[in-house]
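Source file: input-v3.txt (compact mmCIF, C-alpha atoms)
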```txt
# COMPACT_ATOMS: atom_id res chain seq x y z
CA MET A 635 90.86 60.22 132.95
CA GLN A 636 88.24 61.82 130.79
CA GLY A 637 84.50 61.66 131.40
CA PRO A 638 81.76 61.23 128.80
CA PRO A 639 81.10 64.24 126.52
CA LEU A 640 78.30 66.62 127.56
CA VAL A 641 75.30 66.17 125.28
CA ILE A 642 72.21 68.37 125.43
CA GLY A 643 68.95 67.08 123.96
CA GLY A 644 67.54 68.56 120.73
CA LYS A 645 64.66 70.67 122.14
CA ARG A 646 66.65 71.67 125.19
CA ALA A 647 69.65 72.75 123.08
CA THR A 648 67.43 74.82 120.77
CA ALA A 649 65.78 76.57 123.73
CA PHE A 650 69.19 77.24 125.32
CA ILE A 651 70.62 78.75 122.10
CA ALA A 652 67.50 80.86 121.57
CA ALA A 653 67.71 82.19 125.16
CA VAL A 654 71.39 83.10 124.72
CA VAL A 655 70.66 84.92 121.45
CA ILE A 656 67.70 86.85 122.91
CA VAL A 657 69.60 87.90 126.03
CA SER A 658 72.63 88.91 123.93
CA LEU A 659 70.51 91.07 121.64
CA ALA A 660 68.65 92.65 124.56
CA VAL A 661 71.75 93.47 126.61
CA ALA A 662 74.32 94.40 123.94
CA PRO A 663 74.66 98.09 123.08
CA PRO A 664 73.75 99.03 119.50
CA LEU A 665 76.66 99.29 117.09
CA SER A 666 76.87 100.77 113.63
CA ALA A 667 79.58 101.13 111.05
CA GLN A 668 78.66 104.77 110.48
CA SER A 669 77.39 107.03 113.25
CA ARG A 670 75.38 110.22 112.93
CA GLU A 671 78.06 112.23 114.66
CA ASP A 672 81.12 113.67 113.01
CA HIS A 673 83.57 110.78 112.60
CA ARG A 674 86.33 111.48 115.08
CA ARG A 675 88.25 108.22 114.56
CA HIS A 676 88.13 105.91 111.61
CA ALA A 677 89.84 102.90 110.08
CA THR A 678 90.03 102.03 106.40
CA PHE A 679 90.94 98.98 104.34
CA THR A 680 91.17 98.92 100.57
CA ALA A 681 91.82 96.00 98.24
CA GLY A 682 92.36 96.68 94.58
CA ALA A 683 94.69 96.20 91.67
CA SER A 684 97.70 97.99 90.28
CA LEU A 685 97.46 98.10 86.51
CA GLY A 686 100.49 98.48 84.28
CA ASP A 687 102.45 97.03 81.40
CA GLY A 688 102.90 93.71 83.20
CA GLY A 689 99.18 93.18 83.80
CA SER A 690 97.14 93.50 86.97
CA ALA A 691 98.46 92.73 90.44
CA LEU A 692 97.04 92.81 93.97
CA ALA A 693 97.26 96.14 95.81
CA LEU A 694 96.26 96.57 99.48
CA SER A 695 96.13 99.50 101.87
CA ALA A 696 95.02 100.01 105.46
CA GLY A 697 94.84 103.18 107.50
CA VAL A 698 93.76 104.73 110.75
CA GLY A 699 92.85 108.35 111.22
CA VAL A 700 91.57 111.07 113.51
CA ARG A 701 89.57 114.11 112.46
CA TRP A 702 88.84 117.38 114.22
CA SER A 703 86.07 119.44 112.59
CA SER A 704 87.59 120.17 109.15
CA LEU A 705 91.16 118.93 109.70
CA GLY A 706 92.28 115.32 109.93
CA VAL A 707 95.39 113.14 110.18
CA GLU A 708 95.65 109.62 108.79
CA VAL A 709 98.44 107.05 108.67
CA GLU A 710 98.24 104.63 105.76
CA ILE A 711 100.26 101.55 104.88
CA ALA A 712 100.11 100.43 101.24
CA TYR A 713 101.40 97.26 99.55
CA ALA A 714 101.60 96.36 95.86
CA ARG A 715 103.14 93.18 94.47
CA LYS A 716 104.16 91.71 91.11
CA LEU A 717 105.21 95.05 89.66
CA ASP A 718 107.33 95.14 86.52
CA PHE A 719 110.43 97.34 86.38
CA THR A 720 113.39 97.56 84.01
CA LEU A 721 116.99 97.67 85.18
CA ASP A 722 119.46 99.60 83.03
CA VAL A 723 122.58 97.40 82.85
CA CYS A 724 124.87 100.32 82.02
CA PRO A 725 123.35 103.61 83.23
CA PRO A 726 124.97 106.87 82.04
CA PRO A 727 127.67 108.21 82.46
CA ARG A 728 129.31 104.73 82.55
CA LEU A 729 130.69 103.23 79.35
CA CYS A 730 130.04 99.52 78.88
CA VAL A 731 130.56 97.02 76.10
CA ILE A 732 127.35 95.16 76.92
CA GLY A 733 124.38 97.38 77.65
CA GLY A 734 120.62 97.09 77.55
CA GLN A 735 117.87 96.56 80.07
CA ILE A 736 116.86 93.59 82.20
CA PRO A 737 113.21 92.92 83.18
CA VAL A 738 112.77 93.07 86.95
CA THR A 739 109.83 91.98 89.13
CA GLY A 740 109.30 93.73 92.44
CA ARG A 741 106.99 94.92 95.17
CA THR A 742 106.48 98.15 97.09
CA LEU A 743 105.54 98.85 100.69
CA ALA A 744 104.86 102.40 101.87
CA LEU A 745 104.00 104.04 105.19
CA VAL A 746 102.58 107.52 104.66
CA PRO A 747 101.14 109.94 107.25
CA GLN A 748 98.62 112.23 105.56
CA LEU A 749 96.81 115.46 106.32
CA SER A 750 93.20 115.85 105.12
CA ILE A 751 91.13 119.00 104.86
CA GLN A 752 87.32 119.08 104.55
CA LEU A 753 86.23 121.55 101.89
CA LEU A 754 82.52 121.72 102.89
CA PRO A 755 81.03 122.10 106.39
CA ALA A 756 80.52 118.78 108.20
CA SER A 757 76.80 119.44 108.73
CA ARG A 758 76.02 118.92 105.04
CA ARG A 759 75.02 115.61 103.44
CA VAL A 760 77.92 115.94 101.00
CA ARG A 761 81.50 115.90 102.23
CA VAL A 762 84.40 116.81 99.99
CA TYR A 763 88.01 116.53 101.14
CA LEU A 764 91.59 116.81 99.91
CA GLN A 765 94.35 114.64 101.30
CA ALA A 766 98.17 114.66 100.92
CA GLY A 767 101.19 113.27 102.73
CA VAL A 768 104.86 112.33 102.58
CA GLY A 769 106.38 109.21 104.11
CA ALA A 770 108.77 106.33 103.52
CA GLY A 771 108.58 103.55 100.97
CA HIS A 772 110.49 100.33 100.40
CA VAL A 773 111.02 98.89 96.91
CA ARG A 774 112.32 95.34 96.51
CA GLN A 775 113.28 94.10 93.06
CA ARG A 776 114.26 90.59 91.95
CA TYR A 777 116.07 89.81 88.69
CA PHE A 778 118.20 87.08 87.11
CA LEU A 779 121.65 87.36 85.49
CA GLY A 780 123.42 84.95 83.16
CA PRO A 781 122.62 83.09 79.96
CA PRO A 782 119.63 80.78 80.47
CA PHE A 783 121.09 77.98 78.31
CA ALA A 784 124.37 77.73 80.28
CA GLY A 785 122.71 76.79 83.58
CA THR A 786 124.56 79.53 85.49
CA VAL A 787 121.66 81.90 86.05
CA THR A 788 121.95 83.72 89.38
CA GLU A 789 119.16 85.49 91.21
CA ARG A 790 119.84 89.02 92.43
CA ILE A 791 117.79 91.19 94.77
CA ARG A 792 117.87 94.98 95.05
CA SER A 793 116.26 96.68 98.01
CA ASN A 794 115.87 100.45 98.40
CA VAL A 795 114.23 102.76 100.91
CA THR A 796 112.74 105.72 99.09
CA LEU A 797 110.43 108.71 99.48
CA ALA A 798 106.68 107.95 99.24
CA VAL A 799 104.25 110.72 98.29
CA ALA A 800 100.46 110.42 98.39
CA SER A 801 97.82 112.89 97.27
CA GLY A 802 94.18 112.79 96.35
CA GLY A 803 90.71 113.66 97.40
CA GLY A 804 87.30 112.21 97.95
CA LEU A 805 83.58 112.73 97.99
CA THR A 806 81.09 111.21 100.45
CA ILE A 807 77.31 111.47 100.01
CA GLN A 808 75.17 110.57 103.03
CA ILE A 809 72.28 108.50 101.62
CA SER A 810 70.62 107.67 104.93
CA ARG A 811 71.49 107.83 108.61
CA ARG A 812 73.55 104.63 108.43
CA MET A 813 74.67 104.51 104.81
CA ALA A 814 76.97 106.68 102.69
CA LEU A 815 78.32 106.45 99.19
CA ALA A 816 81.98 107.43 98.80
CA SER A 817 84.56 107.67 96.06
```
Structure encoded using structure tokens:
Amino acid sequence: MQGPPLVIGGKRATAFIAAVVIVSLAVAPPLSAQSREDHRRHATFTAGASLGDGGSALALSAGVGVRWSSLGVEVEIAYARKLDFTLDVCPPPRLCVIGGQIPVTGRTLALVPQLSIQLLPASRRVRVYLQAGVGAGHVRQRYFLGPPFAGTVTERIRSNVTLAVASGGGLTIQISRRMALAS
């Protein structure tokens, strides 16, 4: 058996919510996305697009990392979808009567541990770093075989584990104590 719902009056509810908010703000420790100290641990998330012959497609990456003075380690997972590939029907050295290429749509997923090196001392407002790593990638491709007018088109899927290589660098400019501009 259920009782009647608990209802708090308008003024009383407003006072209660205000008290909870004030106490929460007074008691909670301050948090910030960027601290003044050297960033020992960090997490990243990037959403973007992969651009190619087939048009733009969603690309995502997420990573976690640890840095000691000028040396750091980061593990990144990256995902890109709706990528266009071509499949060679008769790759050399095979001899085939029917050759050519088939359009293939696929996606990639990569897990890459990376090493980063700071090029300028951490005490400066400008931070410059280089980053590189080698890991594993997975490529999945989907294509269709058969004449479209005959109604016997079959879907095929190829899946390969491959080497994934990442390299790059970055620049961070500290604008204020709690804000930085990075590229």
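What separates atom CA of Gly771 of chain A from atom CA of Gly697 of chain A is a distance of 15.2 Å.
Summary of the local environment: counting all atoms listed in the file, residues at most 6 Å from Val698 of chain A, other than itself and those fewer than 3 positions away along its chain, are His676, Ala677, Glu708 and Val709 of chain A.
For the residues A:Val707, A:Val799, A:Arg761, A:Pro781, ranking by smallest atom-to-atom distance to Val746 of chain A using only C-alpha atoms places A:Val799 first.
You will find atom CA of Gln748 of chain A at 9.0 Å from atom CA of Gly699 of chain A.
Using all atoms listed in the file, the contacts of Gly769 of chain A at a cut-off of 12 Å, with sequence neighbours closer than 2 positions omitted, comprise A:Glu708, A:Val709, A:Glu710, A:Ile711, A:Ala712, A:Leu743, A:Ala744, A:Leu745, A:Val746, A:Pro747, A:Gln748, A:Leu749, A:Ala766, A:Gly767, A:Gly771, A:His772, A:Val795, A:Thr796, A:Leu797, A:Ala798, A:Val799, A:Ala800, A:Ser801.
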Would you pick out the contacts of Thr788 of chain A at 7 Å or less, using only C-alpha atoms, so that residues sharing its chain but fewer than 3 positions from it are not included, and give the list as a PyMOL selection string? chain A and resi 778-780
Generate the output file for the selected residues, C-alpha atoms, as a compact mmCIF listing (two decimals), in the frame of the given file.
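As a result, part.txt now contains:
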```txt
# COMPACT_ATOMS: atom_id res chain seq x y z
CA PHE A 778 118.20 87.08 87.11
CA LEU A 779 121.65 87.36 85.49
CA GLY A 780 123.42 84.95 83.16
```
Would you list the residues near (87.3, 111.7, 101.8) (no more than 9 Å away, in the coordinates of the file, using only C-alpha atoms) as a count of residues only? 15
